[in-house]
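Reading through the structure tokens given below for one structure.
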Amino acid sequence: MKASWIVIFLLLASVALNLSLTRLRHRDLPPAQTGKNQALLELVGEGRLILGRYLWHKMDLFHEVLDEQGVRPEQQSEVLPLMRMVSLLDPSFVEAFDQIAYDIWKGHGLTEQALQILDEGLEKNPDSPALYFRKAHIFFMEADYREAVRYGNVAYAKSNDEFEQLNSLRLVLHSAEELEDVELQRRTLGLLLKLRPEDPYFTEKMARPELQHPP
Amino acid sequence: MRNTLILARVYLMAQARKQTHLATLFAAVILFMMPAYVNSYSVGRLALERIAKDMGLTLISYFGIGMALVLGSTGLREDLVKKTAYGWLARPVSRAGYIGAHFLALGGVLAVSLVLLGLVLTVSVGLLGDYYDPRVSLAVLGYTAEATLILAATLALSTQFESAPAAVGGLTLYLVGGLSSAFLQLVSPTTRPLLKAGQMLVPNLQFFRLKPFVVDSLVLGTDYLAALFLYWMVWLVLFLMLANSWLKGRDL
């Protein structure tokens, strides 16, 4: 009799702890993807990341073969499903989101879908400078310079790598030139010269009269 | 309690005589070499940490479950089949103490093996990488807790069934308990609450899988760890009580 009460108490405690742990896990882990595809991917269980990397390697081999066959990199549609599976299997694999977005934008002209993929990647990796840069790049090429400046600045702020920072600032600078925003050009060139003080290209741009004496 | 500890020592020595540790040493050698193997494909960029930790922890997890199933399904069963259990139970050792001794000995072997493998992984990644990541031990502790639960469940099953069905029962618990909640999306919304309620009747092993926190460098709250420890204790006591009750029901 006493044992039955202990069992009932332990089962109730287990239910309470289960609910509590579910809540805490959702708090500490990034939000899980939903949908039937995701449920099927969960079948892979512990080996998801390994399978993701294996598929990435496989994709690279396909890519080499298609290169040899003379198919332009951004036109290699066959590798897209593999890359998409990689992005679903391992949502922290930023390169997959970046590559898919670039290929479907550059190779297939699907700008909206490319931006959606980048948004999905940023939802999982909110601190990825590479994805912000790609978004800025696409906006720049689509002549939406205000958005290019916005995302380029975020990419610069999120990065600690000098090369990435330079890339982001160059994009912001070119967008500012297109927008004829003198103040933004001066500010961006100031940051670029901080990174590369002796750079003749940036120095020459900074010395232009319209930047030295704005109207 | 003293008798339980003495008995646990006897069973521990029995495991040492069976050279169970050789399997651990074999896995340790693989784990020690793996980061260097992974790094050999990284074109000199030292890009090994994430993959090596992920693969290593996955290996440790499967090794732990395999070991728990083998130890849990054979340890106590051998005693019953060879009838050595009768000798022990004729002495002043309670059945709960007898079960506890088995669990302490087998759980001890399991825990020491997994902790050793965790240390080997930490050192082998640390030797090639930038630093020794202590969080690997956290994931290993999670896997140890998961494996000891499977061990306790298999031990309970082995009091009633032969080794093979007991191991299959333990494996089923591992598969069902480890099912992701994402699977609930495959069933209709009306049956979903029923399945959710059914999931509460087995331990949710997903909670013990802390690998994402280590591999993706996420922050894990101490309140989560405290709740996890309590959850582990609750299910451990439940399985050991079940084993005790089933052993009492046997005509020994």
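Residues in the structure tokens are numbered from 1 in each chain, the chains being A, B, ... in the order shown, and ligands are numbered from 1 in the order shown.
The interface of chain B with chain A at 7 Å, considering only C-alpha atoms, consists of Met55, Thr58, Ser180, Ala182, Phe183, Gln185, Leu186, Met200, Val219, Leu220, Tyr224, Ala227, Tyr231, Val234 and Leu238 of chain B.
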**Item:** Residue contacts of Arg146 in chain A (9 Å, only C-alpha atoms) excluding same-chain residues fewer than 6 positions away, as JSON, numbers by chain
**Value:** {"A": [139, 140, 175, 176, 179]}
Per-residue nearest contacts of range 52-102 of chain B to range 1-22 of chain B (8 Å; only C-alpha atoms) as a Markdown table:
| residue | atom | partner | partner_atom | distance |
| --- | --- | --- | --- | --- |
| B:Pro92 | CA | B:Asn3 | CA | 7.9 |
| B:Val93 | CA | B:Asn3 | CA | 6.4 |
| B:Gly97 | CA | B:Thr4 | CA | 5.2 |
| B:Tyr98 | CA | B:Thr4 | CA | 6.4 |
| B:Gly100 | CA | B:Thr4 | CA | 6.8 |
| B:Ala101 | CA | B:Ala8 | CA | 4.2 |
| B:His102 | CA | B:Ala8 | CA | 6.0 |
**Message:** I'd like the contact shell of Leu242 in chain B - 9 Å cut-off, only C-alpha atoms, skipping same-chain residues fewer than 5 positions apart - returned as JSON, numbers by chain.
**Reply:** {"B": [153, 156, 157, 237, 247]}
**Request:** From range 14-173 of chain B, collect each residue whose DSSP state is alpha helix (DSSP H) and return the set as number ranges by chain.
**Result:** B: 14-17, 21-39, 49-81, 84-90, 95-128, 135-158, 163-173
**Request:** With a distance cut-off of 12 Å and only C-alpha atoms, select the neighbouring residues of Gln212 in chain A, excluding the residue or stretch itself and same-chain residues fewer than 2 positions from it, and output the selection as a ChimeraX atom specification.
**Result:** /A:182-183,185-187,189,203-210,214-215
**Message:** Let me make sure I understand: among B:Trp246, B:Phe63, B:Phe32, B:Phe213, which one has the smallest atom-to-atom distance to Leu127 in chain B if we use only C-alpha atoms?
**Reply:** B:Phe32
**Message:** Rounded to one decimal, what separation in Å do you get between CA of Ile60 in chain B and CA of Val112 in chain B?
**Reply:** 12.2 Å
**Request:** Please measure the separation of CA of Arg150 in chain A and CA of Asp90 in chain A, giving the value in Å to one decimal.
**Result:**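 Distance reported for this atom pair: 27.7 Å.
Note that the spacing between CA of Ala52 in chain B and CA of Leu121 in chain B amounts to 8.4 Å.
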**Asked** Leaving out Ala148 in chain A and any residue of its chain fewer than 3 positions from it, which residues lie within 7 Å of it when counting only C-alpha atoms, given as a PyMOL selection string?
**Response** chain A and resi 136-137+139-140+144-145+151-152+172+175
Serialized selection, N, CA and C atoms, as a PDB file, in the first residue's frame:
ATOM      1  N   ALA A 136      22.456  41.998 -47.872  1.00  0.00           N
ATOM      2  CA  ALA A 136      22.843  43.335 -48.329  1.00  0.00           C
ATOM      3  C   ALA A 136      23.270  43.280 -49.793  1.00  0.00           C
ATOM      4  N   HIS A 137      24.027  42.238 -50.137  1.00  0.00           N
ATOM      5  CA  HIS A 137      24.540  42.087 -51.497  1.00  0.00           C
ATOM      6  C   HIS A 137      23.392  41.970 -52.506  1.00  0.00           C
ATOM      7  N   PHE A 139      20.261  42.917 -52.098  1.00  0.00           N
ATOM      8  CA  PHE A 139      19.531  44.193 -52.169  1.00  0.00           C
ATOM      9  C   PHE A 139      20.300  45.203 -53.026  1.00  0.00           C
ATOM     10  N   PHE A 140      21.633  45.210 -52.893  1.00  0.00           N
ATOM     11  CA  PHE A 140      22.451  46.137 -53.674  1.00  0.00           C
ATOM     12  C   PHE A 140      22.310  45.841 -55.167  1.00  0.00           C
ATOM     13  N   ASP A 144      18.159  48.157 -54.474  1.00  0.00           N
ATOM     14  CA  ASP A 144      17.459  48.652 -53.278  1.00  0.00           C
ATOM     15  C   ASP A 144      18.551  49.079 -52.284  1.00  0.00           C
ATOM     16  N   TYR A 145      19.080  50.298 -52.511  1.00  0.00           N
ATOM     17  CA  TYR A 145      20.296  50.699 -51.799  1.00  0.00           C
ATOM     18  C   TYR A 145      20.062  50.972 -50.310  1.00  0.00           C
ATOM     19  N   TYR A 151      21.405  46.350 -44.091  1.00  0.00           N
ATOM     20  CA  TYR A 151      21.943  45.022 -43.783  1.00  0.00           C
ATOM     21  C   TYR A 151      23.474  44.997 -43.814  1.00  0.00           C
ATOM     22  N   GLY A 152      24.061  45.849 -44.674  1.00  0.00           N
ATOM     23  CA  GLY A 152      25.520  45.937 -44.709  1.00  0.00           C
ATOM     24  C   GLY A 152      26.067  46.418 -43.376  1.00  0.00           C
ATOM     25  N   VAL A 172      28.338  49.098 -48.199  1.00  0.00           N
ATOM     26  CA  VAL A 172      27.641  50.274 -47.656  1.00  0.00           C
ATOM     27  C   VAL A 172      28.115  51.530 -48.392  1.00  0.00           C
ATOM     28  N   SER A 175      26.641  51.693 -51.854  1.00  0.00           N
ATOM     29  CA  SER A 175      25.212  52.016 -51.749  1.00  0.00           C
ATOM     30  C   SER A 175      25.031  53.494 -51.432  1.00  0.00           C
TER      31      SER A 175
END
